[in-house]
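S.K.: Dropping the structure in here first, questions after.
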Amino acid sequence: MAQNILEIKNLNVEIGSREILKDVSLQVRSGEIHALMGPNGTGKSTLAHSVMGNPKYKIKGGRIALNGKDLTEMQIHDRAREGIFMAFQEPVQVQGLRFINYLRTAYSSLHPNERLEYKKFVEEVKELLNFFGLDNSFLDRGLNDGLSGGEKKRMEALQMLILKPKFIILDEIDSGLDVDALRTVSKAIERAKVGGAGIIIITHYQRILDYVKPDFVHVLIEGRIAESGAGDLARVIEERGYEYYKGELNAKIE
Ligand SMILES: Nc1ncnc2c1ncn2[C@@H]1O[C@H](COP(=O)(O)OP(=O)(O)OP(=O)(O)O)[C@@H](O)[C@H]1O
Ligand SMILES: [Mg+2]
């Protein structure tokens with residue numbers, strides 16, 4: 001398995017003139033699952049967007065590097081080409097862009113040195129649609145166009161498997177999923193891990209972590225990592241509640 005490393009180092013991020021992320025550091029390696037937990041509005045999606053390179057999020061300090069290569073100044077599509085994939089909390093809809101065409105372009109851009117055999121590729125996508133309980137008509141639908149909430153999330157998980165990125169950020173992939181879909185998406189995450197991806201799962205619930213065992217858990221409170229630990233920290237967080245960490249963090253800062 002290729003050993004890749006994604007390093008987020010002392011990241012400070014502003015939106016408008018408001019400081020959202022404060023000195024966030026995180027290292028993710030191939031085959032690791034990190035869960036990033038925290039209450040609403042604490043900066044989880046901001047971290048995901050900042051790593052992906054959304055220009056709304058201004059990086060005021062720190063850096064993001066993949067295998068030592070600095071991505072901090074790179075645009076979104078270049079970061080994607082380097083192998084970072086993000087499943088959005090609210091996936092974008094593009095009418096008229098057929099899903100299969102989108103996938104094919106995305107795959108070729110991610111793996112420029114591979115000759116893509118279209119027929120084989122389509123077969124693989126169909127197999128995955130079947131795995132996610134979606135029928136073949138989804139191949140021809142516009143990207144996320146008119147899909148239900150849960151269907152969108154499953155299609156995002158499908159992209160993660162087919163595109164084979166080095167690093168995957170899943171922003172609340174579990175929200176709006178029924179229990180069967182949650183199980184399927186969890187299996188997909190395990191598959192991506194076995195395939196060698198490094199994964200960050202953003203969630204505020206323990207629920208998905210009953211199915212996917214994270215190797216590391218981080219609690220983000222008011223833009224700072226308040227605590228990091230092994231997989232079982234998720235359960236402790238659920239018991240303590242986020243208020244406990246707010247208190248801890250404030251005591252540390254003062
Ligand atoms: N585009 C934006 N413009 C202005 N403020 C923003 C923008 N995006 C995020 N924020 C603010 O930044 C803070 C962090 O938001 P973020 O979306 O990162 O939170 P989150 O931890 O993902 O929350 P949730 O669990 O609700 O998804 C919030 O106070 C939010 O209002
Ligand atoms: Mg969010």
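Identifiers in this document derive from the order of the structure tokens: chains are assigned A, B, ..., residues are numbered from 1 separately in each chain, and ligands are numbered from 1 in order of occurrence.
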With a cut-off of 9 Å, could you pull out the residues of chain A touching ligand 2 and give me the nearest pair of atoms for each, distance in Å to one decimal, using only C-alpha atoms and all ligand atoms, ordered by chain and ascending number, as CSV?

M.R.:
residue,atom,partner,partner_atom_place_in_ligand_line,distance
A:Asn40,CA,ligand 2,1 (Mg),6.9
A:Gly41,CA,ligand 2,1 (Mg),6.8
A:Thr42,CA,ligand 2,1 (Mg),8.1
A:Gly43,CA,ligand 2,1 (Mg),7.0
A:Lys44,CA,ligand 2,1 (Mg),5.4
A:Ser45,CA,ligand 2,1 (Mg),4.0
A:Thr46,CA,ligand 2,1 (Mg),7.2
A:Ala48,CA,ligand 2,1 (Mg),8.7
A:Phe88,CA,ligand 2,1 (Mg),8.9
A:Gln89,CA,ligand 2,1 (Mg),6.4
A:Asp171,CA,ligand 2,1 (Mg),6.6
A:Glu172,CA,ligand 2,1 (Mg),7.1
A:Ile202,CA,ligand 2,1 (Mg),7.8
A:Thr203,CA,ligand 2,1 (Mg),8.1

S.K.: Take the residues that were just selected and, keeping C-alpha atoms, output them as a compact mmCIF listing (two decimals), in the first residue's frame.

M.R.:
# COMPACT_ATOMS: atom_id res chain seq x y z
CA ASN A 40 -22.81 22.90 15.31
CA GLY A 41 -20.94 25.91 14.01
CA THR A 42 -17.61 24.91 15.48
CA GLY A 43 -15.68 24.89 12.19
CA LYS A 44 -15.81 21.27 10.99
CA SER A 45 -17.05 22.08 7.49
CA THR A 46 -14.71 25.07 7.43
CA ALA A 48 -13.01 20.46 5.15
CA PHE A 88 -20.02 17.74 0.78
CA GLN A 89 -22.49 18.21 3.61
CA ASP A 171 -18.69 15.96 5.73
CA GLU A 172 -21.71 14.49 7.49
CA ILE A 202 -16.93 14.64 10.05
CA THR A 203 -19.92 13.98 12.22

S.K.: Determine, counting only C-alpha atoms, which protein, DNA and RNA residues have an atom within 10 Å of an atom of Glu90 of chain A; residues of the same chain fewer than 3 positions away are not included. Present the result as a ChimeraX atom specification.

M.R.: /A:87,93,149,152-153,171-173

S.K.: At a cut-off of 6 Å, using only C-alpha atoms, what residues contact His34 of chain A? Leave out same-chain residues fewer than 6 positions from it and give the result as a list in words.

M.R.: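 Here the answer would be Ile200, Pro214, Asp215, Phe216 and Val217 of chain A.
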
S.K.: With N, CA and C atoms kept, could you save the residues just selected as a short mmCIF file (atom, residue, chain, number, x, y, z; two decimals), in the first residue's frame?

M.R.:
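Generated output (again08.cif):
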data_model
loop_
_atom_site.label_atom_id
_atom_site.label_comp_id
_atom_site.auth_asym_id
_atom_site.auth_seq_id
_atom_site.Cartn_x
_atom_site.Cartn_y
_atom_site.Cartn_z
N ILE A 200 -11.09 11.24 6.61
CA ILE A 200 -11.59 12.06 7.73
C ILE A 200 -13.11 12.03 7.67
N PRO A 214 -13.20 4.32 13.90
CA PRO A 214 -12.12 5.25 13.60
C PRO A 214 -10.83 4.85 14.34
N ASP A 215 -9.70 5.18 13.75
CA ASP A 215 -8.43 4.93 14.43
C ASP A 215 -8.12 6.07 15.39
N PHE A 216 -8.58 7.27 15.02
CA PHE A 216 -8.35 8.46 15.85
C PHE A 216 -9.62 9.30 15.88
N VAL A 217 -9.81 9.98 17.00
CA VAL A 217 -10.97 10.87 17.14
C VAL A 217 -10.47 12.23 17.62
#

S.K.: With a distance cut-off of 10 Å and only C-alpha atoms, select the neighbouring residues of Lys56 of chain A, excluding the residue or stretch itself and same-chain residues fewer than 5 positions from it, and output the selection as a list in words.

M.R.: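 Skipping anything fewer than 5 positions along the chain leaves Val13, Glu14, Ile15, Gly16, Thr46, His49 and Ser50 of chain A.
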
S.K.: Can you pull out the residues contacting Ala80 of chain A? Cut-off 12 Å, using only C-alpha atoms, and skip same-chain residues under 2 positions away; I want them as a ChimeraX atom specification.

M.R.: /A:51-54,66,71,74-78,82-87,106-111,160,163-169

S.K.: At a cut-off of 9 Å, using only C-alpha atoms, what residues contact Val28 of chain A? Leave out same-chain residues fewer than 2 positions from it and give the result as a ChimeraX atom specification.

M.R.: /A:4-8,26,30-34,167,198-200

S.K.: Could the residues in this selection be written to a file with C-alpha atoms, as a short mmCIF file (atom, residue, chain, number, x, y, z; two decimals), in the first residue's frame?

M.R.:
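Final output, part.cif:
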data_model
loop_
_atom_site.label_atom_id
_atom_site.label_comp_id
_atom_site.auth_asym_id
_atom_site.auth_seq_id
_atom_site.Cartn_x
_atom_site.Cartn_y
_atom_site.Cartn_z
CA ASN A 4 0.67 8.95 1.77
CA ILE A 5 0.50 11.62 4.39
CA LEU A 6 -1.76 14.63 4.61
CA GLU A 7 -0.52 17.25 7.03
CA ILE A 8 -2.56 20.11 8.35
CA LEU A 26 -3.91 17.09 12.06
CA SER A 30 -3.00 6.06 4.24
CA GLY A 31 -5.34 3.50 5.71
CA GLU A 32 -6.29 5.62 8.72
CA ILE A 33 -9.78 6.76 9.63
CA HIS A 34 -10.02 9.96 11.65
CA PHE A 167 -7.49 11.27 0.94
CA GLY A 198 -6.74 8.13 4.42
CA ILE A 199 -10.15 9.26 5.62
CA ILE A 200 -11.59 12.06 7.73
#

S.K.: For atom CA of Gly241 of chain A and atom CA of Asp178 of chain A, quote the distance in Å rounded to one decimal.

M.R.: 24.2 Å

S.K.: Output as a ChimeraX atom specification all residues of segment 27-253 of chain A that backbone DSSP marks as strand (DSSP E).

M.R.: /A:27-29,33-37,58-66,69-70,84-87,94-98,142-143,167-171,198-203,216-221,224-230

S.K.: What lies within 9 Å of segment 242-248 of chain A using only C-alpha atoms, ignoring chain neighbours under 6 positions off, as a ChimeraX atom specification?

M.R.: /A:38-39,219-222,226-227

S.K.: Check the smallest atom-to-atom distance from each of A:Ile201, A:Ile162, A:Met37, A:Val24 to Lys120 of chain A using only C-alpha atoms, then report the winner.

M.R.: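 Looking at the shortest contact to Lys120 of chain A, the residue is A:Ile162.
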
S.K.: Please extract the residues of segment 74-174 of chain A with a backbone DSSP assignment of helix (DSSP H, G or I) and present them as a tab-separated table (two decimals) with N, CA and C atoms, in the first residue's frame.

M.R.:
chain	number	residue	atom	x	y	z
A	76	ILE	N	-8.78	24.58	-6.02
A	76	ILE	CA	-9.55	23.38	-5.75
A	76	ILE	C	-9.21	22.24	-6.71
A	77	HIS	N	-9.27	22.52	-8.04
A	77	HIS	CA	-9.12	21.40	-8.97
A	77	HIS	C	-7.72	20.80	-8.93
A	78	ASP	N	-6.72	21.64	-8.60
A	78	ASP	CA	-5.36	21.10	-8.48
A	78	ASP	C	-5.23	20.21	-7.25
A	79	ARG	N	-5.91	20.60	-6.19
A	79	ARG	CA	-5.87	19.77	-4.98
A	79	ARG	C	-6.56	18.44	-5.25
A	80	ALA	N	-7.67	18.51	-6.00
A	80	ALA	CA	-8.37	17.28	-6.36
A	80	ALA	C	-7.44	16.38	-7.17
A	81	ARG	N	-6.70	17.00	-8.08
A	81	ARG	CA	-5.78	16.23	-8.91
A	81	ARG	C	-4.66	15.61	-8.08
A	82	GLU	N	-4.30	16.28	-7.00
A	82	GLU	CA	-3.27	15.71	-6.11
A	82	GLU	C	-3.82	14.51	-5.34
A	99	PHE	N	-24.12	12.05	-14.85
A	99	PHE	CA	-23.28	11.53	-13.78
A	99	PHE	C	-22.09	10.73	-14.33
A	100	ILE	N	-22.36	9.85	-15.28
A	100	ILE	CA	-21.29	8.99	-15.79
A	100	ILE	C	-20.21	9.81	-16.52
A	101	ASN	N	-20.63	10.87	-17.20
A	101	ASN	CA	-19.64	11.73	-17.88
A	101	ASN	C	-18.79	12.49	-16.87
A	102	TYR	N	-19.48	12.98	-15.85
A	102	TYR	CA	-18.76	13.67	-14.78
A	102	TYR	C	-17.71	12.74	-14.16
A	103	LEU	N	-18.13	11.53	-13.86
A	103	LEU	CA	-17.24	10.56	-13.21
A	103	LEU	C	-16.03	10.24	-14.06
A	104	ARG	N	-16.29	10.05	-15.35
A	104	ARG	CA	-15.24	9.70	-16.28
A	104	ARG	C	-14.19	10.82	-16.36
A	105	THR	N	-14.67	12.06	-16.47
A	105	THR	CA	-13.75	13.19	-16.51
A	105	THR	C	-12.95	13.29	-15.22
A	106	ALA	N	-13.66	13.14	-14.10
A	106	ALA	CA	-13.00	13.26	-12.80
A	106	ALA	C	-11.94	12.16	-12.65
A	107	TYR	N	-12.28	10.95	-13.09
A	107	TYR	CA	-11.33	9.84	-12.96
A	107	TYR	C	-10.08	10.10	-13.80
A	108	SER	N	-10.28	10.53	-15.04
A	108	SER	CA	-9.15	10.76	-15.94
A	108	SER	C	-8.25	11.87	-15.42
A	109	SER	N	-8.86	12.87	-14.81
A	109	SER	CA	-8.06	13.97	-14.32
A	109	SER	C	-7.26	13.53	-13.08
A	110	LEU	N	-7.81	12.60	-12.32
A	110	LEU	CA	-7.13	12.09	-11.12
A	110	LEU	C	-6.06	11.07	-11.45
A	118	TYR	N	-13.54	2.52	-21.09
A	118	TYR	CA	-14.85	3.06	-20.77
A	118	TYR	C	-15.87	1.99	-20.38
A	119	LYS	N	-15.88	0.89	-21.16
A	119	LYS	CA	-16.87	-0.16	-20.91
A	119	LYS	C	-16.69	-0.78	-19.52
A	120	LYS	N	-15.43	-1.03	-19.21
A	120	LYS	CA	-15.10	-1.64	-17.91
A	120	LYS	C	-15.48	-0.67	-16.78
A	121	PHE	N	-15.20	0.59	-17.05
A	121	PHE	CA	-15.49	1.64	-16.07
A	121	PHE	C	-16.98	1.69	-15.78
A	122	VAL	N	-17.79	1.66	-16.85
A	122	VAL	CA	-19.24	1.72	-16.68
A	122	VAL	C	-19.72	0.48	-15.90
A	123	GLU	N	-19.15	-0.67	-16.21
A	123	GLU	CA	-19.52	-1.89	-15.50
A	123	GLU	C	-19.23	-1.76	-14.00
A	124	GLU	N	-18.08	-1.18	-13.72
A	124	GLU	CA	-17.68	-0.99	-12.32
A	124	GLU	C	-18.65	-0.05	-11.60
A	125	VAL	N	-19.04	1.01	-12.31
A	125	VAL	CA	-19.98	1.97	-11.72
A	125	VAL	C	-21.33	1.29	-11.48
A	126	LYS	N	-21.75	0.47	-12.44
A	126	LYS	CA	-23.03	-0.22	-12.28
A	126	LYS	C	-23.00	-1.16	-11.07
A	127	GLU	N	-21.89	-1.84	-10.91
A	127	GLU	CA	-21.74	-2.74	-9.75
A	127	GLU	C	-21.88	-1.96	-8.45
A	128	LEU	N	-21.25	-0.78	-8.45
A	128	LEU	CA	-21.30	0.03	-7.23
A	128	LEU	C	-22.70	0.59	-6.99
A	129	LEU	N	-23.38	0.97	-8.09
A	129	LEU	CA	-24.76	1.46	-7.93
A	129	LEU	C	-25.58	0.37	-7.26
A	130	ASN	N	-25.37	-0.85	-7.71
A	130	ASN	CA	-26.07	-1.99	-7.16
A	130	ASN	C	-25.74	-2.18	-5.67
A	131	PHE	N	-24.46	-2.02	-5.36
A	131	PHE	CA	-23.99	-2.13	-3.97
A	131	PHE	C	-24.71	-1.11	-3.08
A	136	ASN	N	-29.59	1.50	-12.42
A	136	ASN	CA	-28.70	2.02	-13.47
A	136	ASN	C	-29.15	3.35	-14.05
A	137	SER	N	-30.40	3.72	-13.80
A	137	SER	CA	-30.87	4.99	-14.36
A	137	SER	C	-30.07	6.17	-13.78
A	138	PHE	N	-29.42	5.95	-12.64
A	138	PHE	CA	-28.65	7.03	-12.02
A	138	PHE	C	-27.42	7.42	-12.84
A	139	LEU	N	-26.99	6.51	-13.71
A	139	LEU	CA	-25.85	6.81	-14.59
A	139	LEU	C	-26.14	8.02	-15.47
A	149	GLY	N	-32.15	13.36	-0.49
A	149	GLY	CA	-31.00	13.60	0.39
A	149	GLY	C	-30.13	12.35	0.54
A	150	GLY	N	-30.77	11.24	0.83
A	150	GLY	CA	-30.03	9.99	1.05
A	150	GLY	C	-29.38	9.48	-0.23
A	151	GLU	N	-30.06	9.68	-1.37
A	151	GLU	CA	-29.48	9.26	-2.65
A	151	GLU	C	-28.20	10.04	-2.95
A	152	LYS	N	-28.25	11.35	-2.66
A	152	LYS	CA	-27.05	12.18	-2.89
A	152	LYS	C	-25.87	11.66	-2.09
A	153	LYS	N	-26.13	11.34	-0.83
A	153	LYS	CA	-25.04	10.88	0.04
A	153	LYS	C	-24.47	9.56	-0.48
A	154	ARG	N	-25.35	8.69	-0.96
A	154	ARG	CA	-24.88	7.41	-1.48
A	154	ARG	C	-24.07	7.61	-2.76
A	155	MET	N	-24.50	8.58	-3.58
A	155	MET	CA	-23.76	8.87	-4.81
A	155	MET	C	-22.38	9.47	-4.48
A	156	GLU	N	-22.30	10.24	-3.41
A	156	GLU	CA	-21.01	10.79	-2.99
A	156	GLU	C	-20.09	9.64	-2.57
A	157	ALA	N	-20.66	8.70	-1.83
A	157	ALA	CA	-19.86	7.55	-1.37
A	157	ALA	C	-19.40	6.71	-2.56
A	158	LEU	N	-20.27	6.61	-3.56
A	158	LEU	CA	-19.90	5.88	-4.78
A	158	LEU	C	-18.70	6.56	-5.46
A	159	GLN	N	-18.75	7.87	-5.56
A	159	GLN	CA	-17.64	8.61	-6.19
A	159	GLN	C	-16.34	8.35	-5.46
A	160	MET	N	-16.42	8.35	-4.14
A	160	MET	CA	-15.22	8.12	-3.33
A	160	MET	C	-14.59	6.78	-3.69
A	161	LEU	N	-15.43	5.74	-3.93
A	161	LEU	CA	-14.89	4.42	-4.24
A	161	LEU	C	-14.36	4.35	-5.66
A	162	ILE	N	-15.06	4.95	-6.59
A	162	ILE	CA	-14.66	4.81	-7.99
A	162	ILE	C	-13.44	5.68	-8.32
A	163	LEU	N	-13.34	6.85	-7.69
A	163	LEU	CA	-12.27	7.78	-8.06
A	163	LEU	C	-10.92	7.42	-7.42

S.K.: I'd like to know which of A:Phe132, A:Leu11, A:Leu182, A:Glu19 is closest to ligand 1, using only C-alpha atoms and all ligand atoms.

M.R.: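 For ligand 1, the nearest of the given residues is A:Glu19.
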
S.K.: Just to confirm, what's the straight-line distance from atom CA of Lys187 of chain A to atom CA of Pro112 of chain A in Å (one decimal)?

M.R.: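 Atom CA of Lys187 of chain A sits 27.9 Å away from atom CA of Pro112 of chain A.
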
S.K.: For atom CA of Ala181 of chain A and atom CA of Tyr211 of chain A, quote the distance in Å rounded to one decimal.

M.R.: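 Computing the Euclidean distance for atom CA of Ala181 of chain A and atom CA of Tyr211 of chain A yields 11.5 Å.
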
S.K.: Smallest atom-to-atom distance to ligand 1: which of A:Ile64, A:Val212, A:Ile225, A:Leu134, using only C-alpha atoms and all ligand atoms?

M.R.: A:Ile225

S.K.: Between A:Glu254, A:Asp174, A:Glu114, A:Asp140, which has the minimum distance to ligand 1 (counting only C-alpha atoms and all ligand atoms)?

M.R.: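 Closest candidate: A:Asp174.
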